[in-house]
Amino acid sequence: MTNSDINRLKDKAFQVFGIFCTFIGLVVLAIFLIDIVAEGITRINWDFLTSLPSRRASRAGILTAWAGTLWILVLTTLIAFPLGVGAGIYLEEYGRKNRLANFLEINIANLAGVPSIIYGLLGLEIFGRQMRLGGSLLAGALTLSLLILPIIIVTTREAVKAVPRSIRDGSYALGASKWQTIWHQVLPASFGGILTGIILALSRAVGEAAPLIVIGALAYVPFTPSSPLDEFTVLPIQIFNWTSRPQEEFLTNAAAAIIVLLVITFLLNGIAVYLRNKQQKKIRW
Amino acid sequence: MSKKENKLEAKNLDAYYGDFHALKNINIAMEEKAVTAFIGPSGCGKSTFLRTFNRMNDYIDGFRIEGQILLDGRDIYNKDIRVDELRKEVGMVFQKPNPFPKSIFENVVYGLKIQGIKKKSVLEEAAEKSLRHAALWDEVKDKLNKSALALSGGQQQRLCIARALAISPSVLLMDEPASALDPISTAKIEELIYTLKNEYTIVIVTHNMQQAGRVSDYTAFFYMGELVEHNKTRTMFTSPKDERTQNYITGRFG
């Protein structure tokens, strides 16, 4: 074999390896989806979505779980959105580039990697015990906000950084203050990116069970929450609970609930992709 | 012809980026309603100097100046000068056209809107007046609500000029306003400068000797952070006093 034959062979080998790598993830995901859908799709009906939990699998529904998820979603957005975006803008626009800024930057990146259960423990102590919020929706939303804040801060900074210097200069040269420049130029131009980051962060929060279990969210809640201080459950906890039951019927319920959770997550991701594309079309520097 | 007033003045001006001494003891006076061109090789400090007149260097970490910059005899680096007020008086046009990603109309009235002017009739009137002034009105009057980013480079630059004129400054700073444009657009910008000097004091940085010769009444030559020579453009181009000026304008270096 000549040298060039060997090179060609290596090239081919790597291609095959690459295809294998690409497909293994997709295949596993496909098998999982098919399995879940086959098991759960027939269980999804109006009653399942609107019934309270029950000891009998055939009568149990996910009303309280998805209502709880929705509450958590809204409350977490209300808390994490202003805090994360505010911090991101401050760090990028106002914060001086010095050692302290570097230190903060590294630590925010580190925080994004802290396991969610640790945030659960932190939330339990601060929100649950010190602030006496117990296992309420508010405590859960605050905990999840802590969890996704680093993601929002980092994506906000990236989006703000992408706005070119020349746009800011143009604004300043017309007599605009820093805040006016941020409000009228930087934020509108970076909003698509910021929103995308927030939605992706939220879709992560929606799938979390561990930190909420730690702060004391319940698996069995026989009512839908009517205020942020009510106790609650969410879809992942409901799923976790059902999968740990011995009866076959509960596993079907869990599969059906997983489908609902997946639909919510895909919807959020879809919105994020849509916004990103729309933004890219609208603004070309 | 009566002697015109000095509009802009620099007195014993030194500027630094950190340790780098960018401008060295500059003394210059520029007269009202005339065009002054700053020429000189890259890195000679002419853009830095231009940007001291509307304090655009303020945002650069480590930048500081010593000495005075006077606008109508007032020191613009004085503590009681408000930078936003100063920039209403001293407009700026940048090297690369930088329209905001908004409609043409919104671009022109941006400076007025941030001053809190909301009345539609006032804004519309100002927009038309500024666009006419910048010789752009006929080309855009039917598409004021279209995105400014859809305009050609030359149109964008004239839009940026209109935007600067809308807040009625008395000084217009131009930092190589035509260097990113094709020859036809460049000619339009030069024509525009020629008409604008009836009302505005214009300072233009340029790399193009012919351009400096065509548009300016006065020329200032900068070299290594120093102001080498400042004179009537015609005098400077025909009989420069300093050898460095002579070498530069005849293209021997730069």
# chains A, B, ... in the order shown; residues from 1 in each chain; ligands from 1
call {"tool": "residues_around", "arguments": {"residues": "Ile239 (chain A)", "least_positions_apart": "4", "cutoff": "7 Å", "atoms": "only C-alpha atoms", "output": "ChimeraX atom specification"}}
result
/A:235,243,254,257-258
call {"tool": "write_last_selection", "arguments": {"atoms": "N, CA, C and O atoms", "output": "PDB file, in the first residue's frame"}}
result
ATOM      1  N   LEU A 235     -44.287  18.420  37.168  1.00  0.00           N
ATOM      2  CA  LEU A 235     -44.284  17.219  36.322  1.00  0.00           C
ATOM      3  C   LEU A 235     -43.112  16.275  36.601  1.00  0.00           C
ATOM      4  O   LEU A 235     -43.330  15.073  36.772  1.00  0.00           O
ATOM      5  N   THR A 243     -42.871   6.510  38.525  1.00  0.00           N
ATOM      6  CA  THR A 243     -41.970   5.445  38.062  1.00  0.00           C
ATOM      7  C   THR A 243     -41.473   4.592  39.219  1.00  0.00           C
ATOM      8  O   THR A 243     -41.020   3.473  39.018  1.00  0.00           O
ATOM      9  N   ALA A 254     -46.702   7.524  33.944  1.00  0.00           N
ATOM     10  CA  ALA A 254     -45.433   8.239  33.913  1.00  0.00           C
ATOM     11  C   ALA A 254     -45.031   8.534  32.470  1.00  0.00           C
ATOM     12  O   ALA A 254     -44.617   9.650  32.140  1.00  0.00           O
ATOM     13  N   ALA A 257     -47.049  11.341  31.189  1.00  0.00           N
ATOM     14  CA  ALA A 257     -46.605  12.615  31.763  1.00  0.00           C
ATOM     15  C   ALA A 257     -45.298  13.069  31.126  1.00  0.00           C
ATOM     16  O   ALA A 257     -45.079  14.271  30.914  1.00  0.00           O
ATOM     17  N   ILE A 258     -44.433  12.084  30.825  1.00  0.00           N
ATOM     18  CA  ILE A 258     -43.165  12.428  30.163  1.00  0.00           C
ATOM     19  C   ILE A 258     -43.441  13.079  28.813  1.00  0.00           C
ATOM     20  O   ILE A 258     -42.798  14.063  28.432  1.00  0.00           O
TER      21      ILE A 258
END
call {"tool": "closest_atom_pairs", "arguments": {"of": "chain B", "to": "chain A", "cutoff": "6 Å", "atoms": "only C-alpha atoms", "output": "CSV"}}
result
residue,atom,partner,partner_atom,distance
B:Asp84,CA,A:Gly175,CA,4.2
B:Arg87,CA,A:Gly175,CA,5.0
B:Lys88,CA,A:Gly175,CA,5.8
B:Gly111,CA,A:Leu174,CA,5.3
call {"tool": "residues_around", "arguments": {"residues": "Thr36 (chain B)", "least_positions_apart": "5", "cutoff": "9 Å", "atoms": "only C-alpha atoms", "output": "list in words"}}
result
Met30, Glu31, Thr201, Ile202, Val203, Ile204, Val205, Ala212, Val215, Ser216, Asp217, Tyr218, Thr219, Ala220, Lys232 and Thr233 of chain B
call {"tool": "residues_around", "arguments": {"residues": "region 129-139 of chain A", "least_positions_apart": "3", "cutoff": "8 Å", "atoms": "only C-alpha atoms", "output": "PDB file with N, CA, C and O atoms, in the first residue's frame"}}
result
ATOM      1  N   GLY A  68     -48.588  23.183  38.556  1.00  0.00           N
ATOM      2  CA  GLY A  68     -47.409  23.547  39.347  1.00  0.00           C
ATOM      3  C   GLY A  68     -46.244  23.944  38.448  1.00  0.00           C
ATOM      4  O   GLY A  68     -45.562  24.945  38.689  1.00  0.00           O
ATOM      5  N   TRP A  71     -46.913  27.394  37.085  1.00  0.00           N
ATOM      6  CA  TRP A  71     -46.642  28.388  38.129  1.00  0.00           C
ATOM      7  C   TRP A  71     -45.157  28.631  38.294  1.00  0.00           C
ATOM      8  O   TRP A  71     -44.683  29.764  38.347  1.00  0.00           O
ATOM      9  N   ILE A  72     -44.421  27.520  38.398  1.00  0.00           N
ATOM     10  CA  ILE A  72     -42.968  27.615  38.590  1.00  0.00           C
ATOM     11  C   ILE A  72     -42.316  28.360  37.440  1.00  0.00           C
ATOM     12  O   ILE A  72     -41.456  29.231  37.620  1.00  0.00           O
ATOM     13  N   LEU A  75     -43.242  32.159  37.723  1.00  0.00           N
ATOM     14  CA  LEU A  75     -42.564  32.805  38.855  1.00  0.00           C
ATOM     15  C   LEU A  75     -41.052  32.878  38.630  1.00  0.00           C
ATOM     16  O   LEU A  75     -40.420  33.904  38.895  1.00  0.00           O
ATOM     17  N   GLY A 123     -31.349  26.442  48.658  1.00  0.00           N
ATOM     18  CA  GLY A 123     -32.715  26.962  48.677  1.00  0.00           C
ATOM     19  C   GLY A 123     -33.456  26.535  49.921  1.00  0.00           C
ATOM     20  O   GLY A 123     -34.181  27.325  50.536  1.00  0.00           O
ATOM     21  N   LEU A 124     -33.256  25.290  50.306  1.00  0.00           N
ATOM     22  CA  LEU A 124     -33.911  24.774  51.508  1.00  0.00           C
ATOM     23  C   LEU A 124     -33.537  25.602  52.726  1.00  0.00           C
ATOM     24  O   LEU A 124     -34.387  26.018  53.510  1.00  0.00           O
ATOM     25  N   GLU A 125     -32.234  25.899  52.853  1.00  0.00           N
ATOM     26  CA  GLU A 125     -31.768  26.637  54.016  1.00  0.00           C
ATOM     27  C   GLU A 125     -32.225  28.104  53.962  1.00  0.00           C
ATOM     28  O   GLU A 125     -32.826  28.620  54.912  1.00  0.00           O
ATOM     29  N   ILE A 126     -31.952  28.765  52.836  1.00  0.00           N
ATOM     30  CA  ILE A 126     -32.229  30.203  52.759  1.00  0.00           C
ATOM     31  C   ILE A 126     -33.723  30.502  52.631  1.00  0.00           C
ATOM     32  O   ILE A 126     -34.305  31.225  53.437  1.00  0.00           O
ATOM     33  N   LEU A 142     -37.653  30.564  43.565  1.00  0.00           N
ATOM     34  CA  LEU A 142     -36.416  31.264  43.937  1.00  0.00           C
ATOM     35  C   LEU A 142     -35.208  30.341  43.768  1.00  0.00           C
ATOM     36  O   LEU A 142     -34.155  30.755  43.264  1.00  0.00           O
ATOM     37  N   THR A 143     -35.385  29.084  44.195  1.00  0.00           N
ATOM     38  CA  THR A 143     -34.286  28.124  44.066  1.00  0.00           C
ATOM     39  C   THR A 143     -33.921  27.905  42.607  1.00  0.00           C
ATOM     40  O   THR A 143     -32.741  27.935  42.232  1.00  0.00           O
ATOM     41  N   ILE A 215     -36.156  20.944  48.551  1.00  0.00           N
ATOM     42  CA  ILE A 215     -36.787  22.002  49.345  1.00  0.00           C
ATOM     43  C   ILE A 215     -38.150  21.567  49.879  1.00  0.00           C
ATOM     44  O   ILE A 215     -38.756  22.276  50.687  1.00  0.00           O
ATOM     45  N   GLY A 216     -38.633  20.415  49.446  1.00  0.00           N
ATOM     46  CA  GLY A 216     -39.832  19.870  50.089  1.00  0.00           C
ATOM     47  C   GLY A 216     -41.091  19.942  49.249  1.00  0.00           C
ATOM     48  O   GLY A 216     -42.209  19.921  49.773  1.00  0.00           O
ATOM     49  N   ALA A 217     -40.938  20.025  47.912  1.00  0.00           N
ATOM     50  CA  ALA A 217     -42.129  19.935  47.068  1.00  0.00           C
ATOM     51  C   ALA A 217     -42.707  18.535  47.236  1.00  0.00           C
ATOM     52  O   ALA A 217     -41.977  17.566  47.409  1.00  0.00           O
ATOM     53  N   LEU A 218     -44.011  18.434  47.191  1.00  0.00           N
ATOM     54  CA  LEU A 218     -44.664  17.159  47.488  1.00  0.00           C
ATOM     55  C   LEU A 218     -44.981  16.417  46.204  1.00  0.00           C
ATOM     56  O   LEU A 218     -45.130  17.011  45.146  1.00  0.00           O
ATOM     57  N   PRO A 228     -48.599  32.020  45.279  1.00  0.00           N
ATOM     58  CA  PRO A 228     -47.187  31.608  45.302  1.00  0.00           C
ATOM     59  C   PRO A 228     -46.770  30.954  46.615  1.00  0.00           C
ATOM     60  O   PRO A 228     -45.710  30.344  46.680  1.00  0.00           O
ATOM     61  N   LEU A 229     -47.591  31.107  47.653  1.00  0.00           N
ATOM     62  CA  LEU A 229     -47.187  30.525  48.926  1.00  0.00           C
ATOM     63  C   LEU A 229     -47.771  29.139  49.140  1.00  0.00           C
ATOM     64  O   LEU A 229     -47.558  28.516  50.178  1.00  0.00           O
ATOM     65  N   ASP A 230     -48.523  28.635  48.161  1.00  0.00           N
ATOM     66  CA  ASP A 230     -49.099  27.295  48.276  1.00  0.00           C
ATOM     67  C   ASP A 230     -48.051  26.222  48.038  1.00  0.00           C
ATOM     68  O   ASP A 230     -47.053  26.443  47.356  1.00  0.00           O
ATOM     69  N   GLU A 231     -48.336  25.039  48.583  1.00  0.00           N
ATOM     70  CA  GLU A 231     -47.475  23.907  48.283  1.00  0.00           C
ATOM     71  C   GLU A 231     -47.787  23.408  46.881  1.00  0.00           C
ATOM     72  O   GLU A 231     -48.841  23.723  46.317  1.00  0.00           O
ATOM     73  N   PHE A 232     -46.875  22.642  46.344  1.00  0.00           N
ATOM     74  CA  PHE A 232     -47.025  22.300  44.928  1.00  0.00           C
ATOM     75  C   PHE A 232     -46.292  21.026  44.571  1.00  0.00           C
ATOM     76  O   PHE A 232     -45.501  20.503  45.345  1.00  0.00           O
TER      77      PHE A 232
END
call {"tool": "residues_around", "arguments": {"residues": "Lys141 (chain B)", "least_positions_apart": "6", "cutoff": "12 Å", "atoms": "only C-alpha atoms", "output": "PyMOL selection string"}}
result
chain B and resi 104-105+124+127-132+135
call {"tool": "residues_around", "arguments": {"residues": "Pro240 (chain B)", "least_positions_apart": "6", "cutoff": "9 Å", "atoms": "only C-alpha atoms", "output": "PDB file with N, CA, C and O atoms, in the first residue's frame"}}
result
ATOM      1  N   GLU B 229       2.234  71.745  11.112  1.00  0.00           N
ATOM      2  CA  GLU B 229       1.953  72.949  10.355  1.00  0.00           C
ATOM      3  C   GLU B 229       0.455  73.144  10.219  1.00  0.00           C
ATOM      4  O   GLU B 229      -0.301  72.184  10.065  1.00  0.00           O
ATOM      5  N   ASN B 231      -2.182  75.930   8.220  1.00  0.00           N
ATOM      6  CA  ASN B 231      -2.202  77.107   7.368  1.00  0.00           C
ATOM      7  C   ASN B 231      -3.391  77.019   6.415  1.00  0.00           C
ATOM      8  O   ASN B 231      -4.096  76.017   6.375  1.00  0.00           O
ATOM      9  N   GLN B 246       6.108  68.933   3.450  1.00  0.00           N
ATOM     10  CA  GLN B 246       6.426  68.830   2.026  1.00  0.00           C
ATOM     11  C   GLN B 246       6.541  67.363   1.600  1.00  0.00           C
ATOM     12  O   GLN B 246       5.948  66.933   0.621  1.00  0.00           O
ATOM     13  N   ILE B 249       2.931  65.624   1.754  1.00  0.00           N
ATOM     14  CA  ILE B 249       1.926  65.934   0.742  1.00  0.00           C
ATOM     15  C   ILE B 249       2.400  65.617  -0.666  1.00  0.00           C
ATOM     16  O   ILE B 249       1.595  65.450  -1.569  1.00  0.00           O
TER      17      ILE B 249
END
